[in-house]
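Shown next: data-v8.cif, given as mmCIF, C-alpha atoms.
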data_structure
loop_
_atom_site.label_atom_id
_atom_site.label_comp_id
_atom_site.auth_asym_id
_atom_site.auth_seq_id
_atom_site.Cartn_x
_atom_site.Cartn_y
_atom_site.Cartn_z
CA MET A 27 47.32 73.41 59.76
CA GLU A 28 44.55 75.51 61.31
CA HIS A 29 44.62 78.37 63.79
CA GLY A 30 45.00 76.98 67.31
CA ASP A 31 46.38 73.65 66.12
CA SER A 32 49.23 72.21 68.10
CA ILE A 33 50.81 69.51 65.99
CA CYS A 34 53.53 67.22 67.23
CA ILE A 35 55.62 65.45 64.62
CA LEU A 36 56.90 62.11 65.84
CA GLY A 37 59.48 59.89 64.26
CA GLU A 38 62.68 57.99 64.83
CA ASN A 39 66.05 59.68 64.97
CA GLY A 40 67.10 60.60 61.44
CA SER A 41 63.59 60.36 60.02
CA GLY A 42 63.74 64.00 58.86
CA LYS A 43 61.75 65.85 61.54
CA SER A 44 64.32 68.62 61.96
CA THR A 45 64.74 68.92 58.19
CA LEU A 46 60.97 69.30 57.80
CA LEU A 47 60.88 72.05 60.42
CA ARG A 48 63.82 73.80 58.75
CA ILE A 49 61.92 73.70 55.48
CA PHE A 50 58.83 75.25 57.08
CA SER A 51 60.89 77.95 58.74
CA GLY A 52 62.50 78.89 55.41
CA LEU A 53 66.03 77.86 56.41
CA LEU A 54 66.10 75.01 53.90
CA LYS A 55 64.62 74.89 50.43
CA PRO A 56 62.95 71.61 49.45
CA ASP A 57 64.40 69.69 46.49
CA LYS A 58 60.92 69.43 45.05
CA GLY A 59 57.35 70.36 45.90
CA THR A 60 55.98 73.60 47.30
CA VAL A 61 55.54 74.97 50.80
CA LYS A 62 53.03 77.61 51.83
CA VAL A 63 53.13 79.28 55.21
CA LEU A 64 50.32 81.77 55.91
CA ASP A 65 49.54 81.42 52.18
CA LYS A 66 52.95 82.74 51.24
CA ASP A 67 56.20 81.29 49.89
CA PRO A 68 58.80 81.17 52.69
CA TYR A 69 61.72 81.30 50.23
CA LYS A 70 60.80 84.36 48.21
CA GLN A 71 61.67 87.89 49.16
CA PRO A 72 59.87 90.12 50.08
CA GLU A 73 56.84 87.93 50.89
CA ASN A 74 58.84 85.80 53.31
CA LEU A 75 59.43 88.91 55.45
CA PHE A 76 55.72 88.78 56.32
CA ILE A 77 56.05 85.15 57.43
CA LYS A 78 59.18 85.87 59.46
CA GLN A 79 57.31 88.65 61.25
CA LYS A 80 54.63 86.18 62.33
CA MET A 81 56.79 83.15 63.05
CA GLY A 82 58.84 82.05 66.05
CA VAL A 83 61.50 79.41 65.62
CA LEU A 84 63.25 77.28 68.21
CA MET A 85 65.77 74.90 66.67
CA HIS A 86 68.09 72.27 68.15
CA SER A 87 70.86 74.82 68.30
CA ASN A 88 69.98 77.74 70.56
CA MET A 89 70.91 80.34 67.92
CA LEU A 90 72.07 82.94 70.43
CA TYR A 91 75.26 84.99 70.65
CA PRO A 92 77.20 83.34 73.50
CA GLN A 93 79.34 86.39 74.24
CA LEU A 94 76.31 88.66 74.73
CA THR A 95 74.09 88.74 77.81
CA LEU A 96 70.59 87.37 77.70
CA LYS A 97 69.19 90.90 77.71
CA GLU A 98 71.48 91.98 74.84
CA ASN A 99 70.46 88.93 72.81
CA LEU A 100 66.74 89.41 73.39
CA SER A 101 66.96 93.18 72.77
CA PHE A 102 68.91 92.65 69.54
CA PHE A 103 66.37 90.18 68.13
CA SER A 104 63.45 92.32 69.33
CA LYS A 105 64.84 95.26 67.38
CA LEU A 106 65.21 93.09 64.27
CA LEU A 107 61.58 92.04 64.74
CA GLY A 108 60.61 95.71 64.84
CA ILE A 109 59.22 95.59 68.37
CA ILE A 110 58.99 99.22 69.46
CA GLU A 111 58.56 98.64 73.20
CA TYR A 112 61.29 96.04 73.17
CA LYS A 113 62.53 96.61 76.73
CA THR A 114 59.09 95.82 78.11
CA ARG A 115 58.72 92.79 75.86
CA VAL A 116 62.14 91.41 76.85
CA ASN A 117 61.16 91.62 80.53
CA GLU A 118 57.78 90.01 79.81
CA VAL A 119 59.19 86.93 78.08
CA ALA A 120 61.98 86.61 80.63
CA ASP A 121 59.38 86.67 83.44
CA GLU A 122 57.21 84.17 81.58
CA LEU A 123 60.11 81.70 81.41
CA ASN A 124 61.47 82.52 84.86
CA ILE A 125 64.87 83.67 83.59
CA SER A 126 64.72 87.35 84.64
CA ARG A 127 67.59 86.82 87.08
CA PHE A 128 69.86 85.81 84.20
CA LEU A 129 69.18 88.88 82.04
CA ASN A 130 72.60 90.42 82.68
CA ILE A 131 74.56 87.19 82.35
CA GLU A 132 76.36 86.14 79.16
CA ILE A 133 74.74 83.18 77.42
CA TYR A 134 77.87 81.00 77.56
CA LYS A 135 77.79 81.21 81.35
CA LEU A 136 74.27 79.78 81.56
CA SER A 137 73.50 76.08 82.01
CA ASN A 138 72.22 74.11 78.99
CA GLY A 139 68.70 74.19 80.41
CA ASN A 140 68.74 77.95 80.92
CA GLN A 141 70.21 78.45 77.44
CA ARG A 142 67.25 76.46 76.13
CA LYS A 143 64.85 78.71 78.04
CA ALA A 144 66.67 81.76 76.67
CA SER A 145 66.28 80.42 73.14
CA PHE A 146 62.61 79.72 73.75
CA ALA A 147 62.21 83.29 75.06
CA LYS A 148 63.72 84.56 71.79
CA SER A 149 61.19 82.58 69.75
CA LEU A 150 58.31 84.10 71.75
CA LEU A 151 59.39 87.74 71.44
CA ASN A 152 56.96 88.58 68.63
CA ASP A 153 54.12 86.52 70.16
CA PRO A 154 54.18 84.49 66.92
CA GLU A 155 51.15 83.23 65.02
CA ILE A 156 53.10 80.05 64.33
CA LEU A 157 55.69 78.59 66.66
CA ILE A 158 58.06 76.05 65.14
CA ALA A 159 59.99 74.16 67.80
CA ASP A 160 62.44 71.32 67.34
CA GLU A 161 62.52 69.27 70.54
CA PRO A 162 61.77 72.21 72.83
CA ASP A 163 61.91 69.82 75.80
CA ALA A 164 65.55 68.79 75.20
CA ASN A 165 67.97 69.42 78.10
CA ILE A 166 65.37 70.83 80.46
CA ASP A 167 64.10 69.72 83.89
CA ASN A 168 60.54 68.69 84.77
CA ASP A 169 59.54 72.11 86.14
CA THR A 170 60.64 73.75 82.91
CA ILE A 171 58.78 71.14 80.85
CA GLU A 172 55.68 72.18 82.82
CA THR A 173 56.34 75.88 82.05
CA PHE A 174 56.86 75.15 78.34
CA SER A 175 53.70 73.00 78.22
CA ASN A 176 51.64 75.80 79.76
CA ILE A 177 52.95 78.27 77.19
CA PHE A 178 52.02 75.86 74.35
CA LEU A 179 48.53 75.40 75.79
CA GLN A 180 47.97 79.13 76.33
CA ARG A 181 49.03 79.80 72.79
CA SER A 182 46.54 77.24 71.45
CA LYS A 183 43.78 78.91 73.48
CA LYS A 184 44.66 82.19 71.80
CA SER A 185 44.25 80.46 68.38
CA LYS A 186 47.97 80.47 67.72
CA ALA A 187 49.54 77.45 66.06
CA ASN A 188 52.38 75.26 67.31
CA LEU A 189 54.34 72.80 65.21
CA PHE A 190 56.92 70.85 67.14
CA THR A 191 58.84 67.62 67.51
CA SER A 192 59.38 65.75 70.73
CA HIS A 193 60.41 62.37 72.11
CA ASN A 194 58.92 63.11 75.52
CA GLU A 195 55.55 61.35 75.69
CA VAL A 196 54.26 63.37 78.66
CA PHE A 197 55.15 66.62 76.94
CA PHE A 198 53.68 65.88 73.52
CA LYS A 199 50.51 64.31 74.89
CA LYS A 200 49.85 67.41 76.98
CA CYS A 201 50.78 69.99 74.35
CA SER A 202 49.39 68.63 71.10
CA ASN A 203 45.88 68.25 69.75
CA ARG A 204 47.16 66.43 66.65
CA LYS A 205 50.02 64.00 66.20
CA MET A 206 51.74 63.04 62.99
CA LYS A 207 54.34 60.43 62.28
CA LEU A 208 57.15 60.94 59.81
CA ASN A 209 58.33 57.64 58.39
CA SER A 210 60.42 57.05 55.24
CA GLY A 211 59.67 60.56 54.02
CA SER A 212 55.90 60.36 54.39
CA LEU A 213 53.81 62.08 57.01
CA SER A 214 50.71 60.37 58.39
CA GLU A 215 48.24 61.56 61.00
CA LEU A 216 47.93 59.35 64.09
CA MET B 28 79.22 94.96 66.06
CA LEU B 29 78.17 94.69 69.71
CA ILE B 30 79.95 91.33 69.98
CA GLU B 31 83.15 92.80 68.58
CA LEU B 32 82.92 95.79 70.93
CA LYS B 33 82.75 93.32 73.82
CA SER B 34 85.25 90.72 72.65
CA LYS B 35 87.48 92.90 70.37
CA GLU B 36 88.38 89.60 68.68
CA ILE B 37 88.64 90.90 65.10
CA VAL B 38 90.63 94.05 65.96
CA VAL B 39 92.97 92.19 68.33
CA THR B 40 93.60 89.33 65.86
CA ILE B 41 94.23 91.61 62.88
CA THR B 42 96.37 94.06 64.83
CA LEU B 43 98.48 91.49 66.70
CA PHE B 44 99.13 89.30 63.66
CA SER B 45 100.00 92.30 61.50
CA LEU B 46 102.25 93.76 64.18
CA LEU B 47 104.11 90.45 64.36
CA VAL B 48 104.65 90.42 60.59
CA VAL B 49 105.80 94.06 60.56
CA SER B 50 108.06 93.43 63.59
CA ILE B 51 109.71 90.41 61.93
CA PHE B 52 110.56 92.53 58.89
CA ALA B 53 111.84 95.32 61.15
CA VAL B 54 114.17 93.09 63.20
CA THR B 55 115.45 91.12 60.21
CA SER B 56 116.18 94.22 58.15
CA SER B 57 119.76 95.48 58.52
CA ASN B 58 118.66 99.09 58.19
CA PRO B 59 114.89 99.50 58.69
CA SER B 60 115.06 103.26 58.05
CA ASN B 61 116.28 102.62 54.49
CA LEU B 62 113.55 100.19 53.54
CA SER B 63 112.37 100.75 49.99
CA ALA B 64 108.87 102.15 49.55
CA GLU B 65 107.94 99.20 47.35
CA ILE B 66 108.78 96.62 50.02
CA GLY B 67 107.31 98.77 52.79
CA SER B 68 103.92 99.05 51.12
CA GLY B 69 104.00 95.31 50.41
CA ILE B 70 104.68 94.54 54.09
CA ILE B 71 101.78 96.73 55.24
CA TRP B 72 99.17 95.29 52.89
CA ALA B 73 100.31 91.66 53.00
CA SER B 74 100.04 91.70 56.79
CA ILE B 75 96.57 93.31 56.63
CA VAL B 76 95.26 90.85 54.02
CA PHE B 77 96.49 87.69 55.79
CA SER B 78 95.54 88.78 59.29
CA GLY B 79 92.16 90.01 58.04
CA SER B 80 91.38 86.67 56.41
CA ILE B 81 92.41 84.74 59.57
CA ALA B 82 90.27 86.98 61.82
CA MET B 83 87.27 86.73 59.55
CA SER B 84 87.41 82.96 59.08
CA LYS B 85 87.46 82.68 62.89
CA PHE B 86 84.53 85.07 63.17
CA PHE B 87 82.41 83.26 60.59
CA SER B 88 83.21 79.82 62.01
CA HIS B 89 81.80 81.06 65.35
CA GLU B 90 78.68 82.24 63.52
CA GLU B 91 78.32 78.86 61.84
CA LYS B 92 78.87 76.93 65.07
CA ASN B 93 76.28 78.94 67.01
CA GLU B 94 73.92 79.25 64.02
CA THR B 95 73.66 82.97 64.69
CA LEU B 96 73.60 83.83 61.00
CA ASN B 97 70.58 81.52 60.66
CA ALA B 98 69.02 83.28 63.65
CA VAL B 99 69.37 86.63 61.87
CA LEU B 100 68.12 85.15 58.59
CA LEU B 101 64.94 84.09 60.41
CA MET B 102 64.25 87.74 61.26
CA PRO B 103 62.09 89.94 59.00
CA VAL B 104 65.08 91.83 57.61
CA PRO B 105 66.00 91.90 53.89
CA ILE B 106 69.02 89.68 53.16
CA GLU B 107 70.83 92.60 51.52
CA LEU B 108 70.63 94.62 54.74
CA ILE B 109 72.19 91.74 56.68
CA PHE B 110 75.02 91.64 54.13
CA PHE B 111 75.54 95.42 54.27
CA GLY B 112 75.50 95.36 58.07
CA LYS B 113 78.31 92.82 58.14
CA ILE B 114 80.31 94.76 55.54
CA LEU B 115 79.92 97.99 57.50
CA SER B 116 81.03 96.49 60.81
CA LEU B 117 84.05 94.79 59.22
CA PHE B 118 84.93 98.04 57.42
CA LEU B 119 85.03 99.90 60.73
CA PHE B 120 87.08 97.31 62.61
CA LEU B 121 89.49 96.94 59.71
CA THR B 122 90.03 100.71 59.65
CA ILE B 123 90.79 100.75 63.39
CA SER B 124 93.31 97.91 62.97
CA GLU B 125 94.97 99.62 60.00
CA CYS B 126 95.45 102.84 61.96
CA LEU B 127 97.29 100.85 64.64
CA ILE B 128 99.37 98.91 62.09
CA ILE B 129 100.43 102.07 60.23
CA THR B 130 101.40 103.72 63.53
CA ALA B 131 103.52 100.67 64.41
CA PHE B 132 105.08 100.67 60.94
CA SER B 133 106.00 104.36 61.30
CA ILE B 134 107.73 103.67 64.63
CA LEU B 135 109.53 100.47 63.62
CA PHE B 136 110.75 101.69 60.22
CA ASN B 137 111.19 105.33 61.14
CA SER B 138 109.12 106.33 58.14
CA ASN B 139 105.81 108.05 57.74
CA PRO B 140 103.40 106.27 55.37
CA LEU B 141 100.59 108.65 56.32
CA SER B 142 99.71 110.71 53.27
CA ILE B 143 96.70 111.67 51.23
CA TYR B 144 97.34 108.54 49.13
CA ILE B 145 97.05 106.08 52.00
CA LEU B 146 94.06 107.99 53.39
CA ILE B 147 92.35 107.31 50.06
CA ALA B 148 93.67 103.75 49.73
CA ILE B 149 92.34 102.64 53.15
CA PRO B 150 88.58 103.23 52.64
CA VAL B 151 88.59 102.06 49.01
CA PHE B 152 90.53 98.88 49.87
CA ASN B 153 88.47 98.25 53.03
CA LEU B 154 85.15 98.44 51.21
CA GLY B 155 86.14 95.89 48.57
CA PHE B 156 87.95 93.65 51.05
CA SER B 157 85.01 93.69 53.52
CA CYS B 158 82.62 92.83 50.72
CA VAL B 159 84.62 89.87 49.41
CA VAL B 160 85.66 88.53 52.81
CA THR B 161 82.07 88.65 54.10
CA PHE B 162 80.76 86.81 51.07
CA PHE B 163 83.42 84.10 51.00
CA GLY B 164 83.61 83.98 54.79
CA ILE B 165 79.99 82.89 54.97
CA ILE B 166 80.42 80.36 52.17
CA SER B 167 83.67 78.88 53.50
CA SER B 168 82.39 78.70 57.11
CA LYS B 169 80.45 75.59 56.06
CA SER B 170 83.75 73.86 55.30
CA ARG B 171 85.98 72.13 57.86
CA SER B 172 89.14 73.74 56.52
CA ASN B 173 87.52 77.15 56.37
CA GLU B 174 90.63 79.14 57.35
CA ILE B 175 92.66 77.92 54.37
CA LEU B 176 89.68 77.97 52.05
CA LEU B 177 88.83 81.60 52.81
CA THR B 178 92.40 82.75 52.17
CA LEU B 179 92.58 80.72 48.94
CA LEU B 180 89.29 82.12 47.67
CA LEU B 181 89.90 85.66 48.85
CA ILE B 182 93.39 86.56 47.67
CA PRO B 183 93.10 85.86 43.91
CA ILE B 184 89.94 87.96 43.77
CA ILE B 185 91.28 90.97 45.63
CA ILE B 186 94.64 91.12 43.84
CA PRO B 187 93.56 94.26 41.91
CA LEU B 188 92.67 95.96 45.20
CA ILE B 189 95.99 94.89 46.76
CA MET B 190 97.81 96.34 43.72
CA PHE B 191 95.80 99.57 44.06
CA ALA B 192 96.53 99.90 47.79
CA THR B 193 100.25 99.09 47.51
CA GLU B 194 100.70 101.49 44.58
CA LEU B 195 99.15 104.40 46.51
CA THR B 196 101.01 103.51 49.72
CA ARG B 197 104.29 103.34 47.78
CA ALA B 198 103.68 106.83 46.40
CA GLY B 199 102.94 108.03 49.95
CA LEU B 200 106.13 106.43 51.34
CA GLU B 201 108.27 107.89 48.54
CA GLY B 202 106.68 111.30 49.09
CA ILE B 203 106.16 111.85 45.39
CA ALA B 204 103.02 112.21 43.32
CA SER B 205 101.70 108.94 41.91
CA GLN B 206 101.92 109.12 38.14
CA ASN B 207 98.87 107.00 37.52
CA PHE B 208 96.88 108.14 40.53
CA ASN B 209 93.62 108.71 38.63
CA LEU B 210 93.92 105.37 36.86
CA TRP B 211 94.55 103.44 40.09
CA LEU B 212 91.79 105.28 41.95
CA SER B 213 89.30 104.58 39.14
CA LEU B 214 90.35 100.92 39.16
CA GLY B 215 89.92 100.67 42.95
CA ILE B 216 86.49 102.31 42.93
CA LEU B 217 85.40 100.21 39.94
CA PHE B 218 86.31 97.00 41.75
CA ASP B 219 84.47 98.18 44.87
CA ILE B 220 81.31 98.85 42.85
CA VAL B 221 81.54 95.51 41.01
CA PHE B 222 82.12 93.56 44.24
CA LEU B 223 79.31 95.37 46.05
CA VAL B 224 76.72 94.91 43.28
CA VAL B 225 77.63 91.38 42.16
CA LEU B 226 78.25 89.91 45.61
CA THR B 227 75.09 91.46 47.11
CA PHE B 228 73.09 89.86 44.30
CA LEU B 229 74.89 86.51 44.68
CA PHE B 230 74.58 86.59 48.48
CA GLY B 231 70.80 86.87 48.17
CA LYS B 232 70.71 84.01 45.67
CA ILE B 233 72.96 81.75 47.77
CA ILE B 234 70.94 82.33 50.93
CA GLU B 235 67.69 81.69 49.04
CA GLN B 236 69.09 78.37 47.83
#
Can you dump the structure from the file as structure tokens?
Amino acid sequence: MEHGDSICILGENGSGKSTLLRIFSGLLKPDKGTVKVLDKDPYKQPENLFIKQKMGVLMHSNMLYPQLTLKENLSFFSKLLGIIEYKTRVNEVADELNISRFLNIEIYKLSNGNQRKASFAKSLLNDPEILIADEPDANIDNDTIETFSNIFLQRSKKSKANLFTSHNEVFFKKCSNRKMKLNSGSLSEL
Amino acid sequence: MLIELKSKEIVVTITLFSLLVVSIFAVTSSNPSNLSAEIGSGIIWASIVFSGSIAMSKFFSHEEKNETLNAVLLMPVPIELIFFGKILSLFLFLTISECLIITAFSILFNSNPLSIYILIAIPVFNLGFSCVVTFFGIISSKSRSNEILLTLLLIPIIIPLIMFATELTRAGLEGIASQNFNLWLSLGILFDIVFLVVLTFLFGKIIEQ
């Protein structure tokens, strides 16, 4: 995967797309083989801390604290990412995803679509070199798909990489410059 | 910690459950004021251990359901720091709950367990308990029957700490000097150190796997 690449992994349900993304993000260790992200091993401390600093992850689950407000969630993760001007950054990503009006609302009170946007905002906090996104377009309306697509395209222009899965043809055709198909455990470029 | 400050779930669960246990013993005892120190210390620590394990299994099952532990693991923070953070927050909330339980015990049984012994027993017990419950709470949260599993895994391992805490509390309730105070204190601290070192190492290994 090169700088600026935006790769969409396609495949049927259960083909292993989410598992593959979990392996790249360091959440799952492969049974065999090796994985290198930014030339480092994502499973070994302390070198994986470097990868985590440069990576944004959006999984199927939104991975947010439902009892906390959007602002509290984003501020908490910004602090863990070591973002010094975290208040400014939280407002920036919230503006970018048009969720500023929800900043003081608890996550569990938001609609599924807005929770998805909140989770996407979390994955963009560190302006990651690599964005790993598992079906970012799930549960969102057409306007939000447009917003997400623009963010993917802007990132590619800034030489940042995106690796994502999607079943939405409009979305993946617009956002990806390469497409790969995962079938029976093997990945082939389309 | 922020979540608990907002929801107060851990403190409320531990305190309410423990208060119920202590109250049942108070109302079923013919003369609560004459309760033996041995039984009294057992009531206090049994209620804390069981309510603590219920509260923590609930807490970790929420973490598993929302994948918030995974969210934190994706952050550039050493795994050990995540483990210590959880231990520290549980330690604090457990201490708050214990203060409330001991106050309730004093009122219901007309006896004062507050002594230098219990003031030593609380932090030493809480450190070891927080360590073990955090470790097994995370492991058991993957299981469907996590509430039973956590209690089953937790109690056999912390029996030495329960013995330490009840022994010191008994001495406090009797108002006499504990004969083997130094031995019990050394045992309690030793278990804390072993739990902290071994479980921190194992936690890192389990997460890596």
Would you tabulate, counting all atoms listed in the file, all residues of chain A that have an atom at most 8 Å from an atom of chain B, showing the closest pair of atoms and their distance in Å to one decimal, sorted by chain then ascending number, as a tab-separated table?
residue	atom	partner	partner_atom	distance
A:Ser51	CA	B:Leu101	CA	7.5
A:Gly52	CA	B:Leu101	CA	7.6
A:Leu53	CA	B:Asn97	CA	7.2
A:Leu54	CA	B:Gln236	CA	7.6
A:Lys55	CA	B:Gln236	CA	6.2
A:Tyr69	CA	B:Glu235	CA	6.1
A:Lys70	CA	B:Glu235	CA	7.4
A:Gln71	CA	B:Pro105	CA	7.6
A:Pro72	CA	B:Pro105	CA	7.4
A:Asn74	CA	B:Pro103	CA	7.8
A:Leu75	CA	B:Pro103	CA	4.6
A:Phe76	CA	B:Pro103	CA	7.0
A:Ile77	CA	B:Pro103	CA	7.9
A:Lys78	CA	B:Pro103	CA	5.0
A:Gln79	CA	B:Pro103	CA	5.4
A:Val83	CA	B:Leu101	CA	7.8
A:Ser87	CA	B:Glu94	CA	6.9
A:Asn88	CA	B:Asn93	CA	7.3
A:Met89	CA	B:Thr95	CA	5.0
A:Leu90	CA	B:Thr95	CA	6.0
A:Tyr91	CA	B:Thr95	CA	6.5
A:Pro92	CA	B:Asn93	CA	7.9
A:Gln93	CA	B:Ile30	CA	6.6
A:Leu94	CA	B:Ile30	CA	6.6
A:Phe103	CA	B:Met102	CA	7.6
A:Leu106	CA	B:Met102	CA	6.2
A:Leu107	CA	B:Pro103	CA	6.1
Just say which residues the PyMOL selection byres ((chain A and resi 138) around 12) picks in this file, as an MDAnalysis selection string. chainID A and resid 86:88 92 133:137 139:145 163:167
Report as a VMD selection string the full result of the PyMOL selection byres ((chain A and resi 126-130) around 8) when it is applied to this structure. chain A and resid 95 to 97 117 120 to 121 123 to 125 131 to 132 136
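All polymer residues at most 8 Å from (90.7, 84.5, 55.1), using all atoms listed in the file, appear as Val76, Phe77, Ser78, Gly79, Ser80, Ile81, Ala82, Met83, Ser84, Val160, Gly164, Glu174, Ile175, Leu176, Leu177, Thr178, Leu179, Leu180 and Leu181 of chain B.
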I'd like to see the residues matched by the PyMOL selection byres ((chain B and resi 187) around 12) on this file, and ideally I'd get them as an mmCIF file with C-alpha atoms, keeping the file's coordinate frame.
data_model
loop_
_atom_site.group_PDB
_atom_site.id
_atom_site.type_symbol
_atom_site.label_atom_id
_atom_site.label_comp_id
_atom_site.auth_asym_id
_atom_site.auth_seq_id
_atom_site.Cartn_x
_atom_site.Cartn_y
_atom_site.Cartn_z
ATOM 1 C CA VAL B 151 88.590 102.060 49.010
ATOM 2 C CA PHE B 152 90.530 98.880 49.870
ATOM 3 C CA GLY B 155 86.140 95.890 48.570
ATOM 4 C CA PHE B 156 87.950 93.650 51.050
ATOM 5 C CA LEU B 181 89.900 85.660 48.850
ATOM 6 C CA ILE B 182 93.390 86.560 47.670
ATOM 7 C CA PRO B 183 93.100 85.860 43.910
ATOM 8 C CA ILE B 184 89.940 87.960 43.770
ATOM 9 C CA ILE B 185 91.280 90.970 45.630
ATOM 10 C CA ILE B 186 94.640 91.120 43.840
ATOM 11 C CA LEU B 188 92.670 95.960 45.200
ATOM 12 C CA ILE B 189 95.990 94.890 46.760
ATOM 13 C CA MET B 190 97.810 96.340 43.720
ATOM 14 C CA PHE B 191 95.800 99.570 44.060
ATOM 15 C CA ALA B 192 96.530 99.900 47.790
ATOM 16 C CA THR B 193 100.250 99.090 47.510
ATOM 17 C CA GLU B 194 100.700 101.490 44.580
ATOM 18 C CA TRP B 211 94.550 103.440 40.090
ATOM 19 C CA LEU B 212 91.790 105.280 41.950
ATOM 20 C CA SER B 213 89.300 104.580 39.140
ATOM 21 C CA LEU B 214 90.350 100.920 39.160
ATOM 22 C CA GLY B 215 89.920 100.670 42.950
ATOM 23 C CA ILE B 216 86.490 102.310 42.930
ATOM 24 C CA LEU B 217 85.400 100.210 39.940
ATOM 25 C CA PHE B 218 86.310 97.000 41.750
ATOM 26 C CA ASP B 219 84.470 98.180 44.870
ATOM 27 C CA PHE B 222 82.120 93.560 44.240
#
Find the spatial neighbours of A:Asp160, counting all atoms listed in the file, within a cut-off of 6 Å - ignore same-chain residues fewer than 6 positions away - and output them as a ChimeraX atom specification. /A:85-86,190-191
Find the spatial neighbours of A:Asn203, counting only C-alpha atoms, within a cut-off of 8 Å - ignore same-chain residues fewer than 3 positions away - and output them as an mmCIF file with C-alpha atoms, keeping the file's coordinate frame.
data_model
loop_
_atom_site.group_PDB
_atom_site.id
_atom_site.type_symbol
_atom_site.label_atom_id
_atom_site.label_comp_id
_atom_site.auth_asym_id
_atom_site.auth_seq_id
_atom_site.Cartn_x
_atom_site.Cartn_y
_atom_site.Cartn_z
ATOM 1 C CA ASP A 31 46.380 73.650 66.120
ATOM 2 C CA SER A 32 49.230 72.210 68.100
ATOM 3 C CA ILE A 33 50.810 69.510 65.990
ATOM 4 C CA LYS A 199 50.510 64.310 74.890
#
